[in-house]
Amino acid sequence: MASSGLRVQISSNKAPAKSRSFPILSKRNLDRAISLYRKTYPGGKSDTFAINWTSYYLNYNTAPHSVDKLELAKTRLAHLTPEQHAALTQRMERAGRATGIDFKWGGKIGPDTRRAHRLVCLGSTKGPEVRDTMVEGLFDAYQARKRDISERGALRAVAVQAGIDGAEMDAWLDSDVDADVVDEEEEKNKKMFSGSGVPAFIIQGVHRLDGVQDPTDLLEVFIKVRANSDNI
């Protein structure tokens, strides 16, 4: 059986409603689904996955400066009773623990995540391993370390940890490289995914899944794509 390539596009915001926890949960479930596929599907160990993260701005914070996430969450979730809010938090924390994430709800959220999306573009030019480390680092900084990922120092720390030279990163932060790319992606994704769950997956350019997906649901699509390629 010849090896095959599977393409997965993920449209996601990198960073207060609890829904901003969905992208990191989805990434962990995607990683699990790929691992299961490679272990269980005949020939899957030799197949490759091309992961492409594209931009989507949620714009929860409309202020021109960073604000406290917990205060913003109170506004965004004002329609929930205290009991409902507590239950939602408990559900998210259980889901996080199941995938190795210790959610921290405090910290600040900036007025946009444009530079964070640009950082993922920079990581992509360095190869998939650097990009994946950056994506994981951004999620970890925001969700587990209570860092404001619109802040220069937080982005620099993520990049340096992923292997980017500090001087190169300083020059990049002073520039506007790839700003037009992420803005164009975001405008396209806004039209395509408006009103859908966060994040949105498009697999092999055809199969679309919205919101947090169970690893077995993603695995099912991978198998379907692979089976179809075998029949061509």
# chains A, B, ... in the order shown; residues from 1 in each chain; ligands from 1

call {"tool": "residues_around", "arguments": {"residues": "A:Thr133", "least_positions_apart": "5", "cutoff": "10 Å", "atoms": "only C-alpha atoms", "output": "list of chain:residue names"}}
result
A:Val120, A:Gly123, A:Pro128, A:Leu138, A:Phe139, A:Val158, A:Ala159, A:Gln161, A:Ala162, A:Gly163

call {"tool": "residues_around", "arguments": {"residues": "A:Ala200", "least_positions_apart": "4", "cutoff": "8 Å", "atoms": "only C-alpha atoms", "output": "VMD selection string"}}
result
chain A and resid 10 to 12 193 196 208 to 211

call {"tool": "closest_atom_pairs", "arguments": {"of": "stretch 103-213 of chain A", "to": "stretch 22-32 of chain A", "cutoff": "12 Å", "atoms": "only C-alpha atoms", "output": "CSV"}}
result
residue,atom,partner,partner_atom,distance
A:Phe103,CA,A:Ile24,CA,10.3
A:Asp132,CA,A:Lys27,CA,10.0
A:Thr133,CA,A:Lys27,CA,11.9
A:Val135,CA,A:Ile24,CA,9.0
A:Glu136,CA,A:Ile24,CA,7.8
A:Gly137,CA,A:Ile24,CA,10.4
A:Leu138,CA,A:Ile24,CA,9.5
A:Phe139,CA,A:Ile24,CA,6.1
A:Asp140,CA,A:Ile24,CA,8.4
A:Ala141,CA,A:Ile24,CA,11.2
A:Tyr142,CA,A:Ile24,CA,10.0
A:Gln143,CA,A:Ile24,CA,8.3
A:Ala144,CA,A:Ile24,CA,10.6
A:Gly197,CA,A:Phe22,CA,9.1
A:Val198,CA,A:Phe22,CA,6.5
A:Pro199,CA,A:Pro23,CA,5.7
A:Ala200,CA,A:Pro23,CA,9.1
A:Phe201,CA,A:Ser26,CA,9.4
A:Ile203,CA,A:Leu30,CA,11.4
A:Leu209,CA,A:Ser26,CA,10.9
A:Asp210,CA,A:Ser26,CA,10.1
A:Gly211,CA,A:Phe22,CA,7.2
A:Val212,CA,A:Ser26,CA,5.1
A:Gln213,CA,A:Ser26,CA,6.3

call {"tool": "write_last_selection", "arguments": {"atoms": "N, CA and C atoms", "output": "CSV table (one decimal), in the first residue's frame"}}
result
chain,number,residue,atom,x,y,z
A,103,PHE,N,-6.1,24.4,33.1
A,103,PHE,CA,-6.6,25.7,32.7
A,103,PHE,C,-6.4,26.7,33.9
A,132,ASP,N,4.5,23.9,15.1
A,132,ASP,CA,3.7,23.2,16.1
A,132,ASP,C,4.1,23.6,17.5
A,133,THR,N,5.4,23.8,17.7
A,133,THR,CA,5.9,24.2,19.0
A,133,THR,C,5.4,25.6,19.4
A,135,VAL,N,2.6,27.0,18.1
A,135,VAL,CA,1.2,26.9,18.4
A,135,VAL,C,0.9,26.4,19.8
A,136,GLU,N,1.6,25.4,20.2
A,136,GLU,CA,1.4,24.8,21.5
A,136,GLU,C,1.9,25.8,22.6
A,137,GLY,N,3.0,26.6,22.3
A,137,GLY,CA,3.5,27.6,23.2
A,137,GLY,C,2.5,28.7,23.4
A,138,LEU,N,1.8,29.2,22.3
A,138,LEU,CA,0.8,30.2,22.4
A,138,LEU,C,-0.3,29.8,23.3
A,139,PHE,N,-0.8,28.6,23.0
A,139,PHE,CA,-1.9,28.1,23.8
A,139,PHE,C,-1.6,27.9,25.3
A,140,ASP,N,-0.4,27.4,25.5
A,140,ASP,CA,0.1,27.2,26.9
A,140,ASP,C,0.2,28.5,27.6
A,141,ALA,N,0.8,29.5,26.9
A,141,ALA,CA,1.0,30.8,27.5
A,141,ALA,C,-0.3,31.5,27.9
A,142,TYR,N,-1.3,31.4,27.0
A,142,TYR,CA,-2.6,32.0,27.3
A,142,TYR,C,-3.5,31.2,28.3
A,143,GLN,N,-3.5,29.9,28.1
A,143,GLN,CA,-4.5,29.1,28.8
A,143,GLN,C,-3.9,28.6,30.2
A,144,ALA,N,-2.6,28.3,30.3
A,144,ALA,CA,-2.1,27.7,31.5
A,144,ALA,C,-1.1,28.7,32.3
A,197,GLY,N,-18.8,26.9,15.0
A,197,GLY,CA,-18.0,26.6,16.2
A,197,GLY,C,-16.5,26.9,16.0
A,198,VAL,N,-15.9,27.1,17.2
A,198,VAL,CA,-14.4,27.4,17.2
A,198,VAL,C,-13.7,26.1,17.7
A,199,PRO,N,-12.7,25.7,17.0
A,199,PRO,CA,-12.2,26.1,15.7
A,199,PRO,C,-13.0,25.3,14.6
A,200,ALA,N,-12.6,25.6,13.4
A,200,ALA,CA,-13.2,24.8,12.3
A,200,ALA,C,-12.1,24.0,11.6
A,201,PHE,N,-12.4,22.8,11.3
A,201,PHE,CA,-11.5,21.9,10.6
A,201,PHE,C,-12.0,21.7,9.2
A,203,ILE,N,-10.8,19.0,6.3
A,203,ILE,CA,-9.9,17.9,6.0
A,203,ILE,C,-10.0,17.5,4.5
A,209,LEU,N,-15.6,20.1,9.8
A,209,LEU,CA,-16.1,19.8,11.2
A,209,LEU,C,-15.9,21.1,12.0
A,210,ASP,N,-17.0,21.5,12.7
A,210,ASP,CA,-16.9,22.7,13.5
A,210,ASP,C,-16.9,22.4,15.0
A,211,GLY,N,-16.1,23.2,15.7
A,211,GLY,CA,-16.0,23.1,17.2
A,211,GLY,C,-15.1,22.0,17.6
A,212,VAL,N,-15.1,21.7,18.9
A,212,VAL,CA,-14.3,20.7,19.5
A,212,VAL,C,-14.7,19.3,19.0
A,213,GLN,N,-13.8,18.5,18.5
A,213,GLN,CA,-14.2,17.2,17.9
A,213,GLN,C,-13.5,16.1,18.8

call {"tool": "residues_around", "arguments": {"residues": "A:Asn52", "least_positions_apart": "5", "cutoff": "8 Å", "atoms": "only C-alpha atoms", "output": "list of chain:residue names"}}
result
A:Arg7, A:Val8, A:Gln9, A:Ile10

call {"tool": "select_by_dssp", "arguments": {"residues": "stretch 11-229 of chain A", "states": "helix (DSSP H, G or I)", "output": "tab-separated table (two decimals) with C-alpha atoms, in the first residue's frame"}}
result
chain	number	residue	atom	x	y	z
A	18	LYS	CA	-14.63	29.86	28.01
A	19	SER	CA	-14.96	29.08	24.28
A	20	ARG	CA	-11.39	30.33	23.89
A	21	SER	CA	-10.38	27.09	25.56
A	22	PHE	CA	-11.79	25.12	22.61
A	23	PRO	CA	-8.82	25.54	20.21
A	24	ILE	CA	-6.27	23.97	22.56
A	25	LEU	CA	-8.67	21.12	23.38
A	26	SER	CA	-9.17	20.60	19.65
A	27	LYS	CA	-5.43	20.57	18.99
A	28	ARG	CA	-4.87	17.92	21.66
A	29	ASN	CA	-7.74	15.84	20.24
A	30	LEU	CA	-6.31	16.24	16.74
A	31	ASP	CA	-2.91	15.05	17.95
A	32	ARG	CA	-4.61	12.05	19.58
A	33	ALA	CA	-6.57	11.26	16.41
A	34	ILE	CA	-3.43	11.33	14.27
A	35	SER	CA	-1.65	9.06	16.76
A	36	LEU	CA	-4.57	6.61	16.75
A	37	TYR	CA	-4.67	6.63	12.95
A	38	ARG	CA	-0.99	5.83	12.65
A	39	LYS	CA	-1.26	3.03	15.18
A	40	THR	CA	-4.45	1.40	13.90
A	44	GLY	CA	-1.13	4.64	8.40
A	45	LYS	CA	2.30	4.78	9.97
A	46	SER	CA	3.72	5.83	6.58
A	69	LYS	CA	-10.00	38.01	31.38
A	70	LEU	CA	-12.18	37.22	34.38
A	71	GLU	CA	-13.89	40.61	34.23
A	72	LEU	CA	-14.47	40.25	30.51
A	73	ALA	CA	-15.83	36.73	31.05
A	74	LYS	CA	-18.41	38.11	33.48
A	75	THR	CA	-19.69	40.39	30.72
A	76	ARG	CA	-19.58	37.76	27.98
A	82	PRO	CA	-23.75	31.59	38.84
A	83	GLU	CA	-24.57	27.88	38.97
A	84	GLN	CA	-24.42	27.56	35.18
A	85	HIS	CA	-21.14	29.47	35.05
A	86	ALA	CA	-19.62	27.22	37.73
A	87	ALA	CA	-20.82	24.11	35.89
A	88	LEU	CA	-19.32	25.36	32.61
A	89	THR	CA	-16.00	26.03	34.33
A	90	GLN	CA	-15.99	22.55	35.87
A	91	ARG	CA	-16.75	20.93	32.50
A	92	MET	CA	-13.92	22.82	30.83
A	93	GLU	CA	-11.48	21.95	33.60
A	94	ARG	CA	-12.41	18.25	33.40
A	95	ALA	CA	-11.97	18.32	29.62
A	96	GLY	CA	-8.62	20.04	30.06
A	97	ARG	CA	-7.34	17.53	32.59
A	98	ALA	CA	-8.34	14.69	30.25
A	114	ARG	CA	-3.04	39.56	15.08
A	115	ARG	CA	0.62	39.33	16.11
A	116	ALA	CA	0.04	35.85	17.54
A	117	HIS	CA	-1.31	34.73	14.16
A	118	ARG	CA	1.66	36.35	12.46
A	119	LEU	CA	3.92	34.38	14.80
A	120	VAL	CA	2.39	31.13	13.54
A	121	CYS	CA	3.15	32.28	9.97
A	122	LEU	CA	6.76	32.88	11.01
A	123	GLY	CA	6.89	29.42	12.55
A	124	SER	CA	5.58	27.89	9.33
A	125	THR	CA	8.58	29.30	7.44
A	128	PRO	CA	6.29	22.11	10.84
A	129	GLU	CA	8.07	21.23	14.09
A	130	VAL	CA	8.84	24.87	14.91
A	131	ARG	CA	5.32	25.92	13.92
A	132	ASP	CA	3.72	23.24	16.08
A	133	THR	CA	5.92	24.21	19.02
A	134	MET	CA	4.85	27.83	18.57
A	135	VAL	CA	1.16	26.95	18.40
A	136	GLU	CA	1.44	24.82	21.52
A	137	GLY	CA	3.47	27.58	23.20
A	138	LEU	CA	0.84	30.22	22.44
A	139	PHE	CA	-1.94	28.05	23.80
A	140	ASP	CA	0.09	27.20	26.89
A	141	ALA	CA	1.00	30.84	27.53
A	142	TYR	CA	-2.60	31.99	27.27
A	143	GLN	CA	-4.47	29.08	28.85
A	152	ARG	CA	5.55	41.67	22.99
A	153	GLY	CA	7.42	39.89	25.78
A	154	ALA	CA	5.03	36.93	25.81
A	155	LEU	CA	5.35	36.44	22.04
A	156	ARG	CA	9.12	36.74	22.17
A	157	ALA	CA	9.32	34.11	24.91
A	158	VAL	CA	7.19	31.66	22.89
A	159	ALA	CA	9.32	32.18	19.79
A	160	VAL	CA	12.66	31.82	21.57
A	161	GLN	CA	11.45	28.65	23.29
A	166	GLY	CA	16.26	36.39	19.96
A	167	ALA	CA	17.74	39.08	17.68
A	168	GLU	CA	15.73	37.78	14.74
A	169	MET	CA	12.61	37.86	16.87
A	170	ASP	CA	13.24	41.43	17.98
A	171	ALA	CA	13.54	42.54	14.36
A	172	TRP	CA	10.38	40.63	13.47
A	173	LEU	CA	8.43	42.23	16.33
A	179	ALA	CA	0.26	41.21	8.58
A	180	ASP	CA	-1.42	41.38	5.17
A	181	VAL	CA	-1.39	37.57	4.94
A	182	VAL	CA	-3.19	36.99	8.24
A	183	ASP	CA	-5.65	39.82	7.54
A	184	GLU	CA	-6.55	38.31	4.16
A	185	GLU	CA	-6.92	34.86	5.71
A	186	GLU	CA	-9.10	36.26	8.47
A	187	GLU	CA	-11.38	38.09	6.05
A	188	LYS	CA	-11.82	34.92	3.99
A	189	ASN	CA	-12.44	32.77	7.07
A	190	LYS	CA	-14.89	35.28	8.52
A	191	LYS	CA	-17.09	34.83	5.46
A	192	MET	CA	-16.65	31.06	5.41
A	193	PHE	CA	-17.01	30.24	9.10
A	215	PRO	CA	-10.56	12.08	18.46
A	216	THR	CA	-12.67	9.19	17.19
A	217	ASP	CA	-14.72	11.53	14.98
A	218	LEU	CA	-11.56	12.93	13.42
A	219	LEU	CA	-10.17	9.42	13.05
A	220	GLU	CA	-13.32	8.38	11.19
A	221	VAL	CA	-12.81	11.16	8.64
A	222	PHE	CA	-9.12	10.29	8.22
A	223	ILE	CA	-10.03	6.69	7.48
A	224	LYS	CA	-12.73	7.76	5.01
A	225	VAL	CA	-10.26	10.03	3.17
A	226	ARG	CA	-7.62	7.31	3.06
A	227	ALA	CA	-10.07	4.66	1.87
A	228	ASN	CA	-11.25	6.94	-0.92
A	229	SER	CA	-7.65	7.56	-2.04

call {"tool": "select_by_dssp", "arguments": {"residues": "stretch 8-198 of chain A", "states": "strand (DSSP E)", "output": "number ranges by chain"}}
result
A: 8-12, 48-55, 67-68, 108-109

call {"tool": "residues_around", "arguments": {"residues": "A:His65", "least_positions_apart": "6", "cutoff": "9 Å", "atoms": "only C-alpha atoms", "output": "list in words"}}
result
Ile109, Gly110 and Pro111 of chain A

call {"tool": "write_last_selection", "arguments": {"atoms": "N, CA and C atoms", "output": "PDB file, in the first residue's frame"}}
result
ATOM      1  N   ILE A 109      -6.203  39.823  28.525  1.00  0.00           N
ATOM      2  CA  ILE A 109      -6.439  39.540  27.112  1.00  0.00           C
ATOM      3  C   ILE A 109      -6.326  40.856  26.352  1.00  0.00           C
ATOM      4  N   GLY A 110      -5.546  40.840  25.269  1.00  0.00           N
ATOM      5  CA  GLY A 110      -5.303  42.056  24.504  1.00  0.00           C
ATOM      6  C   GLY A 110      -6.433  42.394  23.564  1.00  0.00           C
ATOM      7  N   PRO A 111      -6.316  43.527  22.883  1.00  0.00           N
ATOM      8  CA  PRO A 111      -7.370  43.950  21.965  1.00  0.00           C
ATOM      9  C   PRO A 111      -7.455  43.109  20.688  1.00  0.00           C
TER      10      PRO A 111
END

call {"tool": "atom_distance", "arguments": {"atom1": "atom CA of A:Ala63", "atom2": "atom CA of A:Trp105"}}
result
19.3 Å
